[in-house]
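S.K.: The file below is run.pdb, PDB, C-alpha atoms:
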ATOM      1  CA  MET N 133      -4.835 -19.354  35.687  1.00  0.00           C
ATOM      2  CA  PRO N 134      -3.598 -22.085  33.308  1.00  0.00           C
ATOM      3  CA  VAL N 135      -2.380 -21.349  29.811  1.00  0.00           C
ATOM      4  CA  GLU N 136      -4.819 -22.141  27.046  1.00  0.00           C
ATOM      5  CA  VAL N 137      -3.475 -23.424  23.734  1.00  0.00           C
ATOM      6  CA  LEU N 138      -5.256 -21.847  20.782  1.00  0.00           C
ATOM      7  CA  GLU N 139      -5.189 -23.691  17.489  1.00  0.00           C
ATOM      8  CA  HIS N 140      -5.181 -21.727  14.262  1.00  0.00           C
ATOM      9  CA  THR N 141      -3.995 -21.946  10.701  1.00  0.00           C
ATOM     10  CA  ALA N 142      -0.846 -19.865  10.380  1.00  0.00           C
ATOM     11  CA  GLU N 143       0.886 -21.424   7.415  1.00  0.00           C
ATOM     12  CA  VAL N 144       0.410 -21.921   3.718  1.00  0.00           C
ATOM     13  CA  GLY N 145       2.522 -24.326   1.709  1.00  0.00           C
ATOM     14  CA  LEU N 146       4.113 -24.090  -1.707  1.00  0.00           C
ATOM     15  CA  ARG N 147       4.837 -27.215  -3.723  1.00  0.00           C
ATOM     16  CA  ALA N 148       6.789 -26.815  -6.954  1.00  0.00           C
ATOM     17  CA  SER N 149       8.377 -29.057  -9.550  1.00  0.00           C
ATOM     18  CA  ALA N 150      10.825 -28.162 -12.299  1.00  0.00           C
ATOM     19  CA  ASP N 151      13.435 -29.699 -14.544  1.00  0.00           C
ATOM     20  CA  SER N 152      16.351 -27.904 -12.838  1.00  0.00           C
ATOM     21  CA  LEU N 153      17.160 -26.510  -9.420  1.00  0.00           C
ATOM     22  CA  GLY N 154      17.306 -22.974 -10.816  1.00  0.00           C
ATOM     23  CA  SER N 155      13.870 -23.344 -12.396  1.00  0.00           C
ATOM     24  CA  LEU N 156      12.547 -24.775  -9.143  1.00  0.00           C
ATOM     25  CA  LEU N 157      13.686 -21.673  -7.228  1.00  0.00           C
ATOM     26  CA  GLN N 158      12.103 -19.455  -9.889  1.00  0.00           C
ATOM     27  CA  GLU N 159       8.812 -21.341  -9.488  1.00  0.00           C
ATOM     28  CA  LEU N 160       8.931 -20.931  -5.706  1.00  0.00           C
ATOM     29  CA  ALA N 161       9.504 -17.181  -6.125  1.00  0.00           C
ATOM     30  CA  ALA N 162       6.551 -16.939  -8.515  1.00  0.00           C
ATOM     31  CA  GLY N 163       4.376 -18.821  -6.033  1.00  0.00           C
ATOM     32  CA  LEU N 164       5.432 -16.554  -3.172  1.00  0.00           C
ATOM     33  CA  PHE N 165       4.683 -13.311  -4.998  1.00  0.00           C
ATOM     34  CA  GLY N 166       1.472 -14.779  -6.398  1.00  0.00           C
ATOM     35  CA  LEU N 167       0.266 -14.970  -2.790  1.00  0.00           C
ATOM     36  CA  ILE N 168       1.376 -11.415  -1.989  1.00  0.00           C
ATOM     37  CA  THR N 169      -0.309  -9.706  -4.970  1.00  0.00           C
ATOM     38  CA  ASP N 170      -1.695 -10.320  -8.445  1.00  0.00           C
ATOM     39  CA  PRO N 171       1.451 -10.826 -10.556  1.00  0.00           C
ATOM     40  CA  GLN N 172      -0.324  -9.469 -13.639  1.00  0.00           C
ATOM     41  CA  THR N 173      -0.285  -6.005 -12.018  1.00  0.00           C
ATOM     42  CA  VAL N 174       3.507  -5.997 -11.510  1.00  0.00           C
ATOM     43  CA  GLN N 175       5.749  -4.417 -14.130  1.00  0.00           C
ATOM     44  CA  GLU N 176       9.487  -4.893 -14.664  1.00  0.00           C
ATOM     45  CA  ARG N 177      10.660  -1.410 -13.662  1.00  0.00           C
ATOM     46  CA  GLU N 178      13.628  -2.272 -11.423  1.00  0.00           C
ATOM     47  CA  SER N 179      15.979  -5.149 -10.786  1.00  0.00           C
ATOM     48  CA  TRP N 180      17.505  -6.616  -7.639  1.00  0.00           C
ATOM     49  CA  GLN N 181      20.534  -8.877  -7.377  1.00  0.00           C
ATOM     50  CA  VAL N 182      19.953 -11.712  -4.925  1.00  0.00           C
ATOM     51  CA  GLU N 183      22.574 -14.031  -3.497  1.00  0.00           C
ATOM     52  CA  VAL N 184      21.950 -16.614  -0.794  1.00  0.00           C
ATOM     53  CA  GLN N 185      24.130 -19.242   0.809  1.00  0.00           C
ATOM     54  CA  ALA N 186      23.018 -22.227   2.871  1.00  0.00           C
ATOM     55  CA  ASP N 187      24.263 -25.602   4.079  1.00  0.00           C
ATOM     56  CA  ASP N 188      21.928 -27.785   1.996  1.00  0.00           C
ATOM     57  CA  LEU N 189      19.329 -27.563  -0.768  1.00  0.00           C
ATOM     58  CA  THR N 190      16.339 -27.373   1.557  1.00  0.00           C
ATOM     59  CA  ALA N 191      17.929 -24.552   3.542  1.00  0.00           C
ATOM     60  CA  LEU N 192      18.819 -22.879   0.246  1.00  0.00           C
ATOM     61  CA  ALA N 193      15.164 -22.837  -0.852  1.00  0.00           C
ATOM     62  CA  VAL N 194      13.977 -21.535   2.539  1.00  0.00           C
ATOM     63  CA  GLU N 195      16.662 -18.828   2.684  1.00  0.00           C
ATOM     64  CA  TRP N 196      15.970 -17.877  -0.956  1.00  0.00           C
ATOM     65  CA  LEU N 197      12.337 -17.190  -0.120  1.00  0.00           C
ATOM     66  CA  ASN N 198      13.284 -15.383   3.096  1.00  0.00           C
ATOM     67  CA  GLU N 199      15.704 -13.123   1.200  1.00  0.00           C
ATOM     68  CA  LEU N 200      12.929 -12.266  -1.266  1.00  0.00           C
ATOM     69  CA  LEU N 201      10.641 -11.501   1.674  1.00  0.00           C
ATOM     70  CA  PHE N 202      13.364  -9.292   3.184  1.00  0.00           C
ATOM     71  CA  LEU N 203      13.566  -7.303  -0.073  1.00  0.00           C
ATOM     72  CA  HIS N 204       9.790  -7.058  -0.120  1.00  0.00           C
ATOM     73  CA  ALA N 205       9.779  -5.719   3.461  1.00  0.00           C
ATOM     74  CA  ARG N 206      12.747  -3.373   2.994  1.00  0.00           C
ATOM     75  CA  ASP N 207      12.102  -2.047  -0.516  1.00  0.00           C
ATOM     76  CA  GLY N 208       8.473  -2.949  -1.156  1.00  0.00           C
ATOM     77  CA  MET N 209       9.808  -5.172  -3.943  1.00  0.00           C
ATOM     78  CA  LEU N 210       7.285  -7.215  -5.887  1.00  0.00           C
ATOM     79  CA  ALA N 211       8.809  -9.712  -8.283  1.00  0.00           C
ATOM     80  CA  ARG N 212       7.435 -10.157 -11.773  1.00  0.00           C
ATOM     81  CA  ARG N 213      10.219 -12.405 -13.063  1.00  0.00           C
ATOM     82  CA  CYS N 214      13.518 -13.824 -11.914  1.00  0.00           C
ATOM     83  CA  ALA N 215      16.475 -15.502 -13.553  1.00  0.00           C
ATOM     84  CA  VAL N 216      18.632 -17.838 -11.514  1.00  0.00           C
ATOM     85  CA  HIS N 217      22.211 -17.554 -12.772  1.00  0.00           C
ATOM     86  CA  GLU N 218      23.725 -20.081 -10.380  1.00  0.00           C
ATOM     87  CA  ALA N 219      22.057 -22.699  -8.194  1.00  0.00           C
ATOM     88  CA  GLY N 220      23.725 -25.561  -6.470  1.00  0.00           C
ATOM     89  CA  GLU N 221      24.755 -27.039  -3.201  1.00  0.00           C
ATOM     90  CA  GLY N 222      25.254 -24.084  -0.944  1.00  0.00           C
ATOM     91  CA  ARG N 223      24.527 -21.095  -3.178  1.00  0.00           C
ATOM     92  CA  VAL N 224      21.990 -19.343  -5.372  1.00  0.00           C
ATOM     93  CA  ARG N 225      22.634 -16.168  -7.359  1.00  0.00           C
ATOM     94  CA  ALA N 226      19.808 -14.495  -9.276  1.00  0.00           C
ATOM     95  CA  THR N 227      18.367 -11.316 -10.734  1.00  0.00           C
ATOM     96  CA  VAL N 228      14.796 -10.370  -9.881  1.00  0.00           C
ATOM     97  CA  TRP N 229      12.805  -7.883 -11.957  1.00  0.00           C
ATOM     98  CA  GLY N 230       9.719  -6.113 -10.710  1.00  0.00           C
ATOM     99  CA  GLU N 231       8.728  -2.933  -8.986  1.00  0.00           C
ATOM    100  CA  ARG N 232       7.973  -1.428  -5.623  1.00  0.00           C
ATOM    101  CA  PHE N 233       4.565  -1.950  -4.055  1.00  0.00           C
ATOM    102  CA  ASP N 234       1.997   0.680  -5.054  1.00  0.00           C
ATOM    103  CA  PRO N 235      -1.271   0.311  -3.096  1.00  0.00           C
ATOM    104  CA  GLY N 236      -3.129   2.025  -5.933  1.00  0.00           C
ATOM    105  CA  ARG N 237      -2.118  -0.626  -8.473  1.00  0.00           C
ATOM    106  CA  HIS N 238      -1.210  -3.754  -6.516  1.00  0.00           C
ATOM    107  CA  PRO N 239      -3.979  -5.578  -4.663  1.00  0.00           C
ATOM    108  CA  ARG N 240      -2.931  -6.895  -1.275  1.00  0.00           C
ATOM    109  CA  GLY N 241      -2.968 -10.637  -0.986  1.00  0.00           C
ATOM    110  CA  ILE N 242      -1.666 -12.668   1.915  1.00  0.00           C
ATOM    111  CA  GLU N 243       0.876 -11.092   4.246  1.00  0.00           C
ATOM    112  CA  VAL N 244       3.709 -13.610   4.330  1.00  0.00           C
ATOM    113  CA  LYS N 245       6.019 -13.286   7.331  1.00  0.00           C
ATOM    114  CA  SER N 246       8.643 -15.911   6.541  1.00  0.00           C
ATOM    115  CA  ALA N 247       9.463 -19.215   4.942  1.00  0.00           C
ATOM    116  CA  THR N 248       9.900 -21.939   7.545  1.00  0.00           C
ATOM    117  CA  TYR N 249      11.911 -25.118   7.849  1.00  0.00           C
ATOM    118  CA  HIS N 250       8.814 -26.955   9.128  1.00  0.00           C
ATOM    119  CA  GLN N 251       8.346 -29.943   6.778  1.00  0.00           C
ATOM    120  CA  ALA N 252      10.400 -28.176   4.086  1.00  0.00           C
ATOM    121  CA  ARG N 253      12.163 -30.354   1.559  1.00  0.00           C
ATOM    122  CA  VAL N 254      13.922 -30.144  -1.780  1.00  0.00           C
ATOM    123  CA  GLU N 255      14.641 -33.404  -3.523  1.00  0.00           C
ATOM    124  CA  PRO N 256      15.351 -34.862  -6.922  1.00  0.00           C
ATOM    125  CA  SER N 257      12.350 -36.363  -8.666  1.00  0.00           C
ATOM    126  CA  SER N 258      11.811 -38.116 -11.946  1.00  0.00           C
ATOM    127  CA  GLY N 259      12.783 -35.591 -14.569  1.00  0.00           C
ATOM    128  CA  GLY N 260      13.950 -32.864 -12.218  1.00  0.00           C
ATOM    129  CA  TRP N 261      13.357 -31.452  -8.759  1.00  0.00           C
ATOM    130  CA  THR N 262      10.483 -31.075  -6.303  1.00  0.00           C
ATOM    131  CA  ALA N 263      10.185 -28.712  -3.345  1.00  0.00           C
ATOM    132  CA  VAL N 264       7.741 -28.147  -0.512  1.00  0.00           C
ATOM    133  CA  VAL N 265       8.125 -25.026   1.630  1.00  0.00           C
ATOM    134  CA  TYR N 266       5.654 -23.718   4.206  1.00  0.00           C
ATOM    135  CA  LEU N 267       5.198 -19.996   4.752  1.00  0.00           C
ATOM    136  CA  ASP N 268       4.287 -18.348   8.037  1.00  0.00           C
ATOM    137  CA  VAL N 269       1.347 -16.002   7.371  1.00  0.00           C
TER     138      VAL N 269
END
Now, as a test, write the supplied structure out as structure tokens.
M.R.:
Amino acid sequence: MPVEVLEHTAEVGLRASADSLGSLLQELAAGLFGLITDPQTVQERESWQVEVQADDLTALAVEWLNELLFLHARDGMLARRCAVHEAGEGRVRATVWGERFDPGRHPRGIEVKSATYHQARVEPSSGGWTAVVYLDV
């Protein structure tokens, strides 16, 4: 019996623009957690230190989102706010404030599995930076 290829939509994209690379990563984080739950229901009860290294800016954005997804999977972390302390070629260091998922208070949105390199890009734009990252859902 031959293999049948089934087409389906399995990705959602985030496009963000900001005046700095750090702000761009903060916007991507906000977009990610805005898909996972209603950010208005998340309080700043805990903080997480996040550090990611990568070979280029696009990989840095993808790995940044994947590290946030790892913390979400491991700790149930939902981000309300983040501050990027260092962002540049090869490294991002940030603090994320939020709380652990509580099904009684946090509505479930989209289950995001990972950020992908498929068509991902981070590039300078007029007045700052632009990023596009697709998420596997």
S.K.: Segment 153-160 of chain N: which residues within 8 Å, counting all atoms listed in the file, same-chain residues fewer than 2 positions away excluded, as a list of chain:residue names?
M.R.: N:Leu146, N:Arg147, N:Ala148, N:Ser149, N:Ala150, N:Asp151, N:Ala162, N:Gly163, N:Leu164, N:Ala193, N:Trp196, N:Leu197, N:Arg213, N:Cys214, N:Ala215, N:Val216, N:His217, N:Glu218, N:Ala219, N:Gly220, N:Gly260, N:Trp261, N:Thr262, N:Ala263
S.K.: For the file shown, report as a PyMOL selection string the outcome of the PyMOL selection byres ((chain N and resi 266-268) around 12) at residue level.
M.R.: chain N and resi 140-148+160+163-165+167-168+190+193-195+197-198+201+242-253+263-265+269
S.K.: Could you tell me how far atom CA of Ala226 of chain N sits from atom CA of Arg240 of chain N, in Å to one decimal place?
M.R.: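 Computing the Euclidean distance for atom CA of Arg240 of chain N and atom CA of Ala226 of chain N yields 25.3 Å.
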S.K.: My list of candidates is N:Gly230, N:Thr173, N:Ser152, N:Gly259. Which is closest to His204 of chain N when distances are computed with all atoms listed in the file?
M.R.: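 Going through N:Gly230, N:Thr173, N:Ser152, N:Gly259 one by one, the smallest distance to His204 of chain N is for N:Gly230.
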S.K.: To verify the selection step, state as a PyMOL selection string which residues the PyMOL selection byres ((chain N and resi 188) around 9) yields on this input.
M.R.: chain N and resi 185-187+189-193+220-223
S.K.: Identify the residues around (18.7, -9.3, -3.5) within a radius of 8 Å, measuring from all atoms listed in the file in the coordinates stated by the file, and give them as number ranges by chain.
M.R.: N: 180-183, 199-200, 203, 226-228
S.K.: In Å, rounded to a single decimal, give me how far atom CA of Pro239 of chain N is from atom CA of Glu178 of chain N.
M.R.: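 It comes out at 19.1 Å.
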S.K.: Just give me the gap between atom CA of Ser257 of chain N and atom CA of Asp170 of chain N in Å, one decimal is fine.
M.R.: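 It comes out at 29.6 Å.
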S.K.: Selection in question (the file shown): the PyMOL selection byres ((chain N and resi 208) around 9). Which residues does it include, as a tab-separated table (two decimals) with C-alpha atoms, in the coordinates of the input?
M.R.:
chain	number	residue	atom	x	y	z
N	203	LEU	CA	13.57	-7.30	-0.07
N	204	HIS	CA	9.79	-7.06	-0.12
N	205	ALA	CA	9.78	-5.72	3.46
N	206	ARG	CA	12.75	-3.37	2.99
N	207	ASP	CA	12.10	-2.05	-0.52
N	209	MET	CA	9.81	-5.17	-3.94
N	210	LEU	CA	7.28	-7.22	-5.89
N	231	GLU	CA	8.73	-2.93	-8.99
N	232	ARG	CA	7.97	-1.43	-5.62
N	233	PHE	CA	4.57	-1.95	-4.06
N	234	ASP	CA	2.00	0.68	-5.05
